[in-house]
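A.B. asks: Structure: coords_11.cif, mmCIF, C-alpha atoms.
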```cif
data_my_file
loop_
_atom_site.label_atom_id
_atom_site.label_comp_id
_atom_site.auth_asym_id
_atom_site.auth_seq_id
_atom_site.Cartn_x
_atom_site.Cartn_y
_atom_site.Cartn_z
CA MET A 1 32.73 10.11 40.03
CA SER A 2 31.07 6.76 39.38
CA ALA A 3 27.36 6.78 38.62
CA SER A 4 24.71 4.10 38.36
CA LEU A 5 22.22 6.55 36.82
CA SER A 6 22.86 9.15 34.14
CA LEU A 7 20.11 11.71 33.54
CA VAL A 8 20.59 13.01 29.98
CA VAL A 9 18.89 16.30 29.08
CA PRO A 10 19.22 17.95 25.64
CA LEU A 11 18.84 21.73 25.64
CA PHE A 12 17.90 24.06 22.84
CA ASN A 13 17.02 27.61 23.83
CA HIS A 14 14.17 28.21 26.34
CA LEU A 15 16.73 29.15 28.96
CA GLN A 16 14.28 30.01 31.73
CA HIS A 17 12.54 26.63 31.47
CA SER A 18 15.92 24.88 31.47
CA ARG A 19 16.81 26.69 34.70
CA GLU A 20 13.56 25.66 36.34
CA MET A 21 13.93 22.07 35.11
CA LEU A 22 17.45 21.67 36.51
CA ALA A 23 16.55 23.21 39.86
CA SER A 24 13.55 20.91 40.33
CA LEU A 25 15.51 17.88 39.06
CA ARG A 26 18.39 18.37 41.50
CA ALA A 27 15.98 18.98 44.37
CA SER A 28 14.06 15.77 43.56
CA LEU A 29 17.29 13.75 43.72
CA GLN A 30 18.35 14.89 47.18
CA GLY A 31 19.24 11.92 49.35
CA ILE A 32 19.78 9.65 46.34
CA GLU A 33 23.31 8.51 45.57
CA GLY A 34 25.11 7.45 42.40
CA TRP A 35 23.64 9.82 39.81
CA GLU A 36 24.89 12.39 37.34
CA VAL A 37 23.14 14.93 35.14
CA VAL A 38 24.48 15.32 31.60
CA LEU A 39 23.27 18.50 29.88
CA VAL A 40 23.77 18.69 26.11
CA ASP A 41 23.44 22.16 24.56
CA ASP A 42 22.32 21.55 20.98
CA GLY A 43 23.50 24.87 19.53
CA SER A 44 21.36 27.24 21.61
CA THR A 45 21.43 30.95 20.73
CA ASP A 46 19.69 32.48 23.74
CA GLY A 47 22.36 32.51 26.45
CA THR A 48 22.07 28.85 27.39
CA GLY A 49 25.79 28.37 26.71
CA ASP A 50 26.77 31.13 29.15
CA TRP A 51 24.45 29.68 31.80
CA LEU A 52 26.05 26.25 31.43
CA GLN A 53 29.49 27.78 31.94
CA SER A 54 28.24 29.33 35.16
CA LEU A 55 27.35 25.86 36.45
CA ALA A 56 30.96 24.67 36.38
CA GLY A 57 31.86 23.08 39.66
CA LEU A 58 28.37 21.90 40.63
CA PRO A 59 28.57 18.31 41.87
CA ASN A 60 27.11 15.49 39.78
CA LEU A 61 26.78 17.73 36.72
CA ARG A 62 28.48 17.63 33.33
CA THR A 63 27.84 19.76 30.26
CA LEU A 64 28.43 19.10 26.56
CA ARG A 65 27.86 21.35 23.57
CA HIS A 66 27.14 20.94 19.86
CA ASP A 67 28.63 23.68 17.69
CA ARG A 68 25.35 23.76 15.72
CA ASN A 69 21.81 22.54 16.13
CA ARG A 70 21.76 18.86 15.19
CA GLY A 71 18.35 17.86 16.52
CA TYR A 72 16.91 16.05 19.50
CA ALA A 73 18.05 12.54 18.56
CA ALA A 74 21.65 13.58 17.99
CA ALA A 75 21.73 15.47 21.29
CA ILE A 76 20.42 12.47 23.22
CA ASN A 77 22.92 10.16 21.50
CA THR A 78 25.79 12.54 22.36
CA GLY A 79 24.76 12.63 26.00
CA ALA A 80 24.25 8.87 26.20
CA ALA A 81 27.67 8.22 24.66
CA ALA A 82 29.30 10.36 27.35
CA ALA A 83 27.17 9.03 30.22
CA ARG A 84 28.82 6.92 32.91
CA GLY A 85 25.74 5.28 34.36
CA SER A 86 24.46 1.79 33.66
CA VAL A 87 20.91 3.20 33.55
CA LEU A 88 19.87 6.18 31.43
CA ALA A 89 17.09 8.62 32.16
CA LEU A 90 16.25 10.56 29.00
CA LEU A 91 14.55 13.80 29.95
CA ASN A 92 13.18 16.90 28.21
CA SER A 93 14.30 20.34 29.29
CA ASP A 94 10.71 21.53 29.81
CA LEU A 95 9.85 19.18 32.70
CA LEU A 96 9.26 19.97 36.36
CA PHE A 97 10.06 17.27 38.93
CA CYS A 98 8.73 16.48 42.39
CA PRO A 99 10.34 14.16 44.95
CA GLY A 100 9.39 10.52 44.44
CA TRP A 101 9.15 10.45 40.64
CA LEU A 102 12.25 8.30 40.11
CA ALA A 103 11.88 5.31 42.46
CA PRO A 104 8.70 3.86 40.85
CA MET A 105 10.36 4.01 37.43
CA GLN A 106 13.45 2.24 38.75
CA ALA A 107 11.27 -0.44 40.31
CA ALA A 108 9.37 -0.93 37.04
CA LEU A 109 12.61 -1.20 35.04
CA GLY A 110 14.23 -3.79 37.30
CA PRO A 111 17.41 -5.62 36.32
CA PRO A 112 18.19 -6.49 32.68
CA ALA A 113 16.93 -10.02 33.30
CA ALA A 114 13.41 -8.62 33.74
CA ARG A 115 13.42 -7.84 30.00
CA VAL A 116 11.79 -4.45 30.40
CA GLY A 117 13.10 -2.36 27.55
CA ILE A 118 11.92 1.09 28.60
CA VAL A 119 9.78 2.70 31.29
CA GLY A 120 7.67 5.85 30.97
CA ASN A 121 5.43 7.63 33.45
CA LEU A 122 2.42 9.89 33.83
CA GLN A 123 2.89 13.45 32.63
CA TYR A 124 0.65 16.35 33.60
CA ARG A 125 0.48 19.62 31.68
CA VAL A 126 1.92 22.61 33.50
CA SER A 127 -0.59 24.89 31.75
CA ASP A 128 -3.80 23.42 33.19
CA GLY A 129 -2.80 20.44 35.35
CA GLY A 130 -4.51 17.96 33.02
CA LEU A 131 -3.12 14.51 32.26
CA ASP A 132 -1.26 14.64 28.94
CA HIS A 133 0.42 11.24 28.81
CA ALA A 134 -0.26 7.79 30.22
CA GLY A 135 1.49 5.93 27.44
CA ILE A 136 1.10 6.01 23.66
CA GLY A 137 -1.32 3.94 21.63
CA LEU A 138 -2.90 3.90 18.18
CA SER A 139 -6.19 5.62 17.44
CA PRO A 140 -8.70 3.70 15.27
CA GLY A 141 -7.65 6.06 12.48
CA GLY A 142 -4.07 4.78 12.71
CA GLN A 143 -2.39 7.75 14.40
CA PHE A 144 -0.07 7.50 17.36
CA GLU A 145 -1.69 9.36 20.25
CA HIS A 146 -1.15 9.91 23.95
CA ILE A 147 -3.37 7.85 26.23
CA GLY A 148 -5.31 10.38 28.25
CA ALA A 149 -6.60 8.22 31.11
CA PRO A 150 -4.55 6.90 34.04
CA PRO A 151 -4.00 3.13 34.11
CA ALA A 152 -5.88 0.91 36.54
CA GLN A 153 -2.65 -0.72 37.71
CA PRO A 154 0.72 0.76 38.78
CA ARG A 155 2.43 -1.20 35.99
CA SER A 156 0.99 -1.63 32.51
CA GLU A 157 2.36 -2.53 29.10
CA VAL A 158 1.78 -0.01 26.32
CA LEU A 159 2.70 0.28 22.67
CA ALA A 160 5.11 3.18 23.31
CA VAL A 161 5.96 5.96 25.74
CA THR A 162 7.01 9.52 25.08
CA GLY A 163 10.72 10.23 25.24
CA ALA A 164 10.11 13.29 27.44
CA CYS A 165 10.81 11.16 30.53
CA VAL A 166 11.96 7.56 30.20
CA LEU A 167 14.29 5.11 31.92
CA LEU A 168 16.20 2.27 30.24
CA HIS A 169 19.38 0.25 30.65
CA ARG A 170 22.41 1.70 28.93
CA GLN A 171 23.31 -1.63 27.32
CA VAL A 172 19.82 -1.89 25.82
CA PHE A 173 20.02 1.65 24.41
CA ASP A 174 23.37 0.82 22.82
CA ARG A 175 22.20 -2.55 21.53
CA VAL A 176 19.38 -1.02 19.43
CA GLY A 177 21.58 1.82 18.17
CA GLY A 178 20.17 4.64 20.28
CA LEU A 179 17.85 7.17 18.66
CA ASP A 180 17.51 7.38 14.88
CA THR A 181 18.78 10.77 13.71
CA GLY A 182 16.77 10.43 10.51
CA TYR A 183 13.80 11.81 12.46
CA VAL A 184 13.74 15.55 13.09
CA ASN A 185 12.43 16.38 16.55
CA GLY A 186 9.57 13.91 16.51
CA ALA A 187 8.75 10.16 16.41
CA GLU A 188 12.23 9.16 17.69
CA ASP A 189 10.64 7.86 20.88
CA ALA A 190 8.04 5.71 19.13
CA ASP A 191 10.75 4.33 16.85
CA LEU A 192 12.91 3.46 19.87
CA CYS A 193 10.01 1.67 21.57
CA LEU A 194 9.27 -0.35 18.44
CA LYS A 195 12.94 -1.32 18.18
CA LEU A 196 12.86 -2.53 21.76
CA ARG A 197 9.64 -4.49 21.20
CA ARG A 198 11.17 -6.14 18.13
CA ALA A 199 14.09 -7.18 20.36
CA GLY A 200 11.63 -8.97 22.63
CA LEU A 201 11.61 -6.32 25.36
CA ARG A 202 8.59 -4.78 27.06
CA VAL A 203 7.47 -1.15 27.07
CA VAL A 204 6.08 -0.35 30.51
CA LEU A 205 4.26 2.60 32.03
CA ALA A 206 4.92 3.33 35.72
CA GLY A 207 1.53 4.68 36.73
CA ASP A 208 2.77 5.60 40.21
CA SER A 209 5.38 8.06 38.87
CA ALA A 210 4.48 11.52 37.62
CA VAL A 211 6.14 14.70 36.34
CA ARG A 212 4.84 18.00 35.02
CA HIS A 213 5.47 18.98 31.42
CA HIS A 214 5.40 22.16 29.33
CA VAL A 215 4.14 20.08 26.39
CA SER A 216 6.02 20.49 23.07
CA LEU A 217 7.88 23.56 24.28
CA SER A 218 11.42 22.24 24.12
CA ARG A 219 11.68 21.93 20.31
CA GLY A 220 10.03 23.84 17.51
CA ARG A 221 8.88 22.05 14.37
CA ALA A 222 8.98 23.33 10.82
CA PRO A 223 5.83 23.06 8.66
CA GLY A 224 5.40 19.51 7.37
CA GLN A 225 7.97 18.10 9.77
CA ASN A 226 5.49 16.02 11.76
CA GLU A 227 4.18 14.47 8.55
CA ALA A 228 7.69 13.66 7.33
CA ASN A 229 8.50 12.02 10.66
CA SER A 230 5.27 10.03 10.63
CA ARG A 231 5.84 8.87 7.07
CA ARG A 232 9.31 7.61 7.99
CA LEU A 233 7.99 5.85 11.09
CA PHE A 234 5.14 4.12 9.29
CA SER A 235 7.26 3.03 6.34
CA ARG A 236 9.82 1.49 8.69
CA TRP A 237 7.33 -0.24 11.00
CA ARG A 238 4.34 -0.88 8.76
CA PRO A 239 3.81 -4.60 9.58
CA GLU A 240 4.03 -3.96 13.32
CA ILE A 241 1.75 -0.93 13.15
CA ARG A 242 -0.78 -2.80 11.00
CA ARG A 243 -0.84 -5.67 13.50
CA GLU A 244 -1.40 -3.30 16.43
CA LEU A 245 -4.05 -1.36 14.53
CA ALA A 246 -5.91 -4.57 13.66
CA ALA A 247 -5.97 -5.39 17.38
CA VAL A 248 -7.49 -1.96 18.06
CA TRP A 249 -10.24 -2.68 15.55
CA ARG A 250 -10.88 -6.22 16.84
CA ARG A 251 -11.60 -4.75 20.24
CA ARG A 252 -13.78 -2.05 18.72
CA LEU A 253 -15.81 -4.48 16.61
CA ALA A 254 -16.37 -6.98 19.42
CA GLY A 255 -20.04 -6.77 20.27
CA ALA A 256 -20.45 -3.48 18.44
CA GLY A 257 -23.23 -2.40 16.12
CA ALA A 258 -23.33 -1.00 12.61
CA THR A 259 -21.90 2.35 13.75
CA ALA A 260 -18.71 0.78 15.16
CA GLY A 261 -16.72 2.49 12.42
CA HIS A 262 -17.91 6.01 13.20
CA PRO A 263 -16.33 8.52 12.66
CA TRP A 264 -13.46 6.80 10.84
CA LEU A 265 -15.60 4.96 8.28
CA ASP A 266 -18.25 6.44 6.02
CA GLY A 267 -21.71 4.94 6.33
CA ALA A 268 -22.41 1.79 8.33
CA LEU A 269 -20.97 -1.68 8.63
CA THR A 270 -23.19 -4.53 7.45
CA PRO A 271 -24.22 -7.52 9.59
CA GLU A 272 -21.90 -9.68 7.46
CA ALA A 273 -18.98 -7.43 8.37
CA LEU A 274 -19.76 -7.51 12.08
CA ALA A 275 -20.05 -11.29 11.97
CA ALA A 276 -16.38 -11.60 10.88
CA PRO A 277 -14.46 -9.25 13.21
CA GLN A 278 -11.09 -10.90 12.59
CA ALA A 279 -11.17 -10.39 8.83
CA MET A 280 -12.80 -6.98 9.15
CA ALA A 281 -10.19 -5.74 11.63
CA GLY A 282 -7.41 -6.60 9.21
CA LEU A 283 -9.24 -5.00 6.28
CA VAL A 284 -9.97 -1.76 8.16
CA ALA A 285 -6.41 -1.55 9.49
CA GLU A 286 -5.02 -1.89 5.98
CA GLN A 287 -7.38 0.76 4.64
CA MET A 288 -6.42 3.19 7.38
CA LEU A 289 -2.74 2.79 6.55
CA LEU A 290 -3.37 3.14 2.82
CA ARG A 291 -5.37 6.29 3.53
CA GLN A 292 -2.46 7.88 5.37
CA GLU A 293 0.12 6.75 2.83
CA ALA A 294 -1.94 8.26 0.02
CA ARG A 295 -2.16 11.57 1.89
CA TRP A 296 1.59 11.65 2.53
CA ALA A 297 2.24 10.93 -1.14
CA ARG A 298 0.00 13.83 -2.17
CA GLU A 299 1.64 16.21 0.29
CA CYS A 300 5.06 15.26 -1.03
CA GLY A 301 3.94 16.07 -4.56
CA ALA A 302 3.91 12.48 -5.76
CA SER A 303 1.12 10.81 -7.66
CA ARG A 304 -0.73 8.73 -5.09
CA THR A 305 -1.39 5.98 -7.63
CA ALA A 306 2.03 5.96 -9.26
CA GLY A 307 2.59 2.49 -10.65
CA ALA A 308 -0.89 1.36 -9.62
CA PRO A 309 -3.62 0.29 -12.07
CA HIS A 310 -6.44 2.70 -12.78
CA ALA A 311 -10.01 1.85 -11.92
CA GLU A 312 -11.82 -0.31 -14.46
CA ILE A 313 -15.33 -1.74 -14.76
CA ILE A 314 -15.19 -5.55 -15.00
CA ASP A 315 -18.90 -6.29 -15.50
CA THR A 316 -22.41 -5.29 -14.42
CA GLN A 317 -25.32 -7.50 -13.39
CA GLY A 318 -29.00 -7.07 -12.59
CA PHE A 319 -29.62 -3.74 -14.29
CA GLY A 320 -32.28 -2.96 -16.88
CA SER A 321 -31.64 -2.02 -20.47
CA ALA A 322 -28.47 -0.14 -21.34
CA GLU A 323 -28.64 3.23 -23.02
CA ALA A 324 -26.31 5.09 -25.33
CA GLY A 325 -22.83 5.51 -23.87
CA GLY A 326 -23.26 2.52 -21.60
CA SER A 327 -25.70 4.07 -19.10
CA LEU A 328 -27.70 1.55 -17.07
CA ARG A 329 -31.30 1.77 -15.89
CA LEU A 330 -31.75 0.73 -12.26
CA LEU A 331 -34.87 -1.35 -11.70
CA ASN A 332 -34.55 -2.76 -8.20
CA ALA A 333 -30.91 -3.67 -7.58
CA GLY A 334 -27.79 -4.14 -9.63
CA THR A 335 -24.13 -5.01 -9.08
CA ILE A 336 -21.04 -3.41 -10.58
CA ARG A 337 -17.72 -5.24 -10.31
CA PHE A 338 -14.68 -3.00 -10.67
CA THR A 339 -10.99 -2.63 -9.88
CA ALA A 340 -9.58 0.30 -7.92
CA PRO A 341 -6.13 1.63 -7.00
CA PRO A 342 -4.95 0.88 -3.44
CA GLY A 343 -6.34 3.30 -0.91
CA ALA A 344 -8.94 4.78 -3.29
CA ARG A 345 -10.42 7.85 -1.66
CA ASN A 346 -13.97 7.37 -2.89
CA VAL A 347 -16.42 5.53 -5.09
CA PHE A 348 -19.38 7.49 -6.44
CA VAL A 349 -22.37 6.42 -8.51
CA CYS A 350 -23.31 9.19 -10.92
CA ARG A 351 -26.89 9.10 -12.07
CA ARG A 352 -29.85 11.09 -13.20
CA VAL A 353 -33.30 10.79 -11.70
CA GLY A 354 -36.28 11.25 -13.98
CA PRO A 355 -39.70 12.75 -13.16
CA GLY A 356 -41.70 10.91 -10.56
CA ARG A 357 -42.34 11.07 -6.85
CA ALA A 358 -40.71 13.79 -4.79
CA SER A 359 -37.86 11.57 -3.62
CA VAL A 360 -36.16 8.26 -4.24
CA HIS A 361 -34.35 6.15 -1.63
CA LEU A 362 -31.13 4.45 -2.63
CA GLU A 363 -28.55 2.23 -0.88
CA LEU A 364 -24.93 1.65 -1.90
CA GLU A 365 -23.02 -1.32 -0.52
CA VAL A 366 -19.30 -1.96 -1.07
CA ASN A 367 -18.01 -5.54 -0.92
CA GLY A 368 -20.90 -6.56 1.33
CA VAL A 369 -19.28 -4.87 4.34
CA GLN A 370 -19.95 -1.12 4.14
CA CYS A 371 -23.19 0.59 3.16
CA ARG A 372 -24.77 4.01 3.00
CA ARG A 373 -28.29 5.18 2.25
CA PHE A 374 -29.38 8.28 0.37
CA THR A 375 -32.60 10.18 -0.27
CA LEU A 376 -32.56 11.64 -3.78
CA ALA A 377 -34.65 14.52 -5.02
CA ALA A 378 -36.35 13.97 -8.35
CA PRO A 379 -35.69 14.97 -11.01
CA GLY A 380 -31.98 15.80 -11.05
CA SER A 381 -28.44 14.65 -11.79
CA LEU A 382 -26.46 14.01 -8.63
CA ASN A 383 -23.67 11.82 -7.27
CA SER A 384 -23.99 9.44 -4.34
CA GLY A 385 -21.00 7.66 -2.89
CA ILE A 386 -18.85 6.37 -0.06
CA ALA A 387 -15.66 8.09 1.04
CA HIS A 388 -12.68 5.83 1.73
CA PRO A 389 -14.48 2.59 0.82
CA LEU A 390 -13.35 -0.69 2.36
CA LEU A 391 -11.65 -2.36 -0.60
CA TRP A 392 -10.04 -5.78 -0.54
CA PRO A 393 -6.37 -5.45 -1.60
CA GLY A 394 -5.56 -7.02 -4.95
CA ARG A 395 -9.12 -8.16 -5.68
CA VAL A 396 -12.04 -7.17 -7.86
CA GLN A 397 -14.41 -5.01 -5.83
CA THR A 398 -18.20 -5.20 -5.75
CA LEU A 399 -20.58 -2.26 -5.59
CA ARG A 400 -24.25 -3.11 -5.07
CA VAL A 401 -26.77 -0.40 -5.92
CA ARG A 402 -30.21 -1.03 -4.46
CA ARG A 403 -33.41 0.90 -4.70
CA LEU A 404 -35.15 0.77 -1.34
CA GLY A 405 -38.81 -0.17 -1.40
CA GLY A 406 -38.49 -3.07 -3.82
CA ASP A 407 -40.27 -3.66 -7.11
CA ALA A 408 -43.39 -1.76 -6.10
CA ASP A 409 -41.38 1.37 -5.37
CA ALA A 410 -39.49 1.03 -8.65
CA ALA A 411 -42.75 0.69 -10.57
CA ARG A 412 -44.29 3.91 -9.31
CA GLY A 413 -41.16 5.94 -8.54
CA ALA A 414 -38.86 8.06 -10.63
CA GLU A 415 -36.56 6.39 -13.12
CA ILE A 416 -32.89 6.13 -12.09
CA VAL A 417 -30.25 5.91 -14.80
CA ILE A 418 -26.62 5.33 -13.81
CA THR A 419 -24.29 7.10 -16.22
CA HIS A 420 -20.81 6.39 -14.84
CA LEU A 421 -18.71 5.82 -11.72
CA VAL A 422 -16.11 8.03 -10.10
CA VAL A 423 -13.41 5.98 -8.38
CA ASP A 424 -10.62 7.79 -6.58
CA ASP A 425 -11.76 11.04 -8.22
CA ALA A 426 -11.39 9.57 -11.72
CA VAL A 427 -14.33 9.08 -14.07
CA VAL A 428 -14.90 5.44 -15.06
CA GLY A 429 -17.34 4.86 -17.90
CA LEU A 430 -19.77 1.94 -17.89
CA GLY A 431 -19.54 1.29 -21.61
#
```
Taking this structure as input, can you express it in the form of structure tokens?
C.D. replies:
Amino acid sequence: MSASLSLVVPLFNHLQHSREMLASLRASLQGIEGWEVVLVDDGSTDGTGDWLQSLAGLPNLRTLRHDRNRGYAAAINTGAAAARGSVLALLNSDLLFCPGWLAPMQAALGPPAARVGIVGNLQYRVSDGGLDHAGIGLSPGGQFEHIGAPPAQPRSEVLAVTGACVLLHRQVFDRVGGLDTGYVNGAEDADLCLKLRRAGLRVVLAGDSAVRHHVSLSRGRAPGQNEANSRRLFSRWRPEIRRELAAVWRRRLAGAGATAGHPWLDGALTPEALAAPQAMAGLVAEQMLLRQEARWARECGASRTAGAPHAEIIDTQGFGSAEAGGSLRLLNAGTIRFTAPPGARNVFVCRRVGPGRASVHLELEVNGVQCRRFTLAAPGSLNSGIAHPLLWPGRVQTLRVRRLGGDADAARGAEIVITHLVVDDAVVGLG
């Protein structure tokens, strides 16, 4: 049999859902010519193999089997290698199909000359009918996430699409090397889309095609597996992801106020930051990536600052007299210049407040772009700081400590003495 379209479906257990998927898929293809379904059993242990044997003789259907579970990417690659069609549909085994889902995706893909690399579609959850997928984008925090709102147009370009239901030309799949088996049941689809984009091809969502999906049912994931997949994806595609994330932040900062960073940034953005959205978008994108990389390093048991310099005080300006041990008395405002390891998780000012009025108001400002205000009880010894500060890579950082209310407030208020900093959870003395 010759086929222009090969529908490749990896199977791993979940026999009942595989049965329902195949029945709905075959029904949705009635009246369409030139297709084949290639089912790849990836070492199932629940009777899937016996069921596939019972399908022998069904038209337009072929079955393959792995002798052990090798993972989603390997199963797709096996099916694609055996496929006879010039176009591949890569499908999950936990989908349900309705007539009409295929034609809009074929129209969006077009011929190879159209330079569309891959086409995805809308996917609705079987459990509650809600929209689960309208493409994949980046959150402001730098995580890949499903777009949860339908597009305004039938065709739209997106960063990536989920591999649960996609269409692409066989020659394109082969040209980029298929799916990367270094991922384990996750992130293979995003990696494929980024490979296609690097090749100059477009990733398109067909908003007039829809399927139903038992989300994340087809493959289980071991603890930590998602993080390992994400770490591999981000390390491989860091420049591309940073560029896309900066674009996300440029759009967010355009015309926004001081709270544009909420909830991803601690405190507020300064007017100076909002006046330079291009530079700020790049800085925030870099910090978001460093934040994730530091977390992955910690979860893998590595020192997050391995090979990086420790924090160090360069100089201080504008403070009152120094005390024993290098402590500084804050009059109105002072500046501390310091170095910090990449992706530092925090910067805290540690101080004691002497007797005086019931409370003291303090503002911390990092590099002129991020600030936070505090009300301090007096007397007492407390820390005030900013989590995940916006630090310029490879530069000396600036922390401005300002007492709100000016000289008059300082004259009648409680005395504030800064004893040391904590940068990335490490104590940094002022002396």
A.B. asks: Give me, please, the distance in Å between atom CA of A:Leu331 and atom CA of A:Leu274, quoted to one decimal.
C.D. replies: 28.8 Å
A.B. asks: Would you write out, as a PyMOL selection string, every residue that the PyMOL selection byres ((chain A and resi 382) around 8) captures in this file?
C.D. replies: chain A and resi 350-352+380-381+383-384
A.B. asks: Could you state which residues are captured by the PyMOL selection byres ((chain A and resi 95) around 10) in this file, as a VMD selection string?
C.D. replies: chain A and resid 17 to 18 20 to 22 24 to 25 91 to 94 96 to 97 123 to 126 164 to 165 211 to 215 217 to 218
A.B. asks: What lies within 8 Å of A:Ala268 using all atoms listed in the file, ignoring chain neighbours under 3 positions off, as a list in words?
C.D. replies: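 Contacts, with the query itself left out: Ala258, Thr259, Ala260, Gly261, His262, Leu265, Gln370, Cys371 and Arg372 of chain A.
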A.B. asks: Would you pick out the contacts of stretch 64-70 of chain A at 7 Å or less, using only C-alpha atoms, so that residues sharing its chain but fewer than 5 positions from it are not included, and give the list as a list of chain:residue names?
C.D. replies: A:Leu39, A:Val40, A:Asp41, A:Asp42, A:Gly43, A:Ala75
A.B. asks: Pick out the closest residue to A:Leu390 from this set: A:Ala281, A:Val417, A:Val8, A:Met105. Count only C-alpha atoms.
C.D. replies: A:Ala281
A.B. asks: Just the number, please: distance in Å from atom CA of A:Arg400 to atom CA of A:Ser327, one decimal.
C.D. replies: 15.8 Å
A.B. asks: Counting all atoms listed in the file, which residues come within 7 Å of (4.7, 5.7, 24.1), with the point read in the file's coordinates, and could you list them as an mmCIF file with C-alpha atoms, in the coordinates of the input?
C.D. replies:
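And here's point.cif as it stands now:
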```
data_model
loop_
_atom_site.group_PDB
_atom_site.id
_atom_site.type_symbol
_atom_site.label_atom_id
_atom_site.label_comp_id
_atom_site.auth_asym_id
_atom_site.auth_seq_id
_atom_site.Cartn_x
_atom_site.Cartn_y
_atom_site.Cartn_z
ATOM 1 C CA GLY A 135 1.490 5.930 27.440
ATOM 2 C CA ILE A 136 1.100 6.010 23.660
ATOM 3 C CA GLY A 137 -1.320 3.940 21.630
ATOM 4 C CA VAL A 158 1.780 -0.010 26.320
ATOM 5 C CA LEU A 159 2.700 0.280 22.670
ATOM 6 C CA ALA A 160 5.110 3.180 23.310
ATOM 7 C CA VAL A 161 5.960 5.960 25.740
ATOM 8 C CA THR A 162 7.010 9.520 25.080
ATOM 9 C CA ALA A 190 8.040 5.710 19.130
#
```
A.B. asks: Please enumerate the residues selected by the PyMOL selection byres ((chain A and resi 200-205) around 9) when evaluated against the supplied file, formatted as a PyMOL selection string.
C.D. replies: chain A and resi 105+108-109+114-122+134-135+151+154-161+193-199+206-209
A.B. asks: Quick one: write out the picked residues with C-alpha atoms as a compact mmCIF listing (two decimals), in the coordinates of the input?
C.D. replies:
```txt
# COMPACT_ATOMS: atom_id res chain seq x y z
CA MET A 105 10.36 4.01 37.43
CA ALA A 108 9.37 -0.93 37.04
CA LEU A 109 12.61 -1.20 35.04
CA ALA A 114 13.41 -8.62 33.74
CA ARG A 115 13.42 -7.84 30.00
CA VAL A 116 11.79 -4.45 30.40
CA GLY A 117 13.10 -2.36 27.55
CA ILE A 118 11.92 1.09 28.60
CA VAL A 119 9.78 2.70 31.29
CA GLY A 120 7.67 5.85 30.97
CA ASN A 121 5.43 7.63 33.45
CA LEU A 122 2.42 9.89 33.83
CA ALA A 134 -0.26 7.79 30.22
CA GLY A 135 1.49 5.93 27.44
CA PRO A 151 -4.00 3.13 34.11
CA PRO A 154 0.72 0.76 38.78
CA ARG A 155 2.43 -1.20 35.99
CA SER A 156 0.99 -1.63 32.51
CA GLU A 157 2.36 -2.53 29.10
CA VAL A 158 1.78 -0.01 26.32
CA LEU A 159 2.70 0.28 22.67
CA ALA A 160 5.11 3.18 23.31
CA VAL A 161 5.96 5.96 25.74
CA CYS A 193 10.01 1.67 21.57
CA LEU A 194 9.27 -0.35 18.44
CA LYS A 195 12.94 -1.32 18.18
CA LEU A 196 12.86 -2.53 21.76
CA ARG A 197 9.64 -4.49 21.20
CA ARG A 198 11.17 -6.14 18.13
CA ALA A 199 14.09 -7.18 20.36
CA ALA A 206 4.92 3.33 35.72
CA GLY A 207 1.53 4.68 36.73
CA ASP A 208 2.77 5.60 40.21
CA SER A 209 5.38 8.06 38.87
```
A.B. asks: Work out how far atom CA of A:Pro112 is from atom CA of A:Leu168, in Å to one decimal.
C.D. replies: 9.3 Å
A.B. asks: Looking at only C-alpha atoms, which of A:Ser127, A:Ile76, A:Ser230, A:Glu272 is the one that sits closest to A:Gly177?
C.D. replies: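 Closest candidate: A:Ile76.
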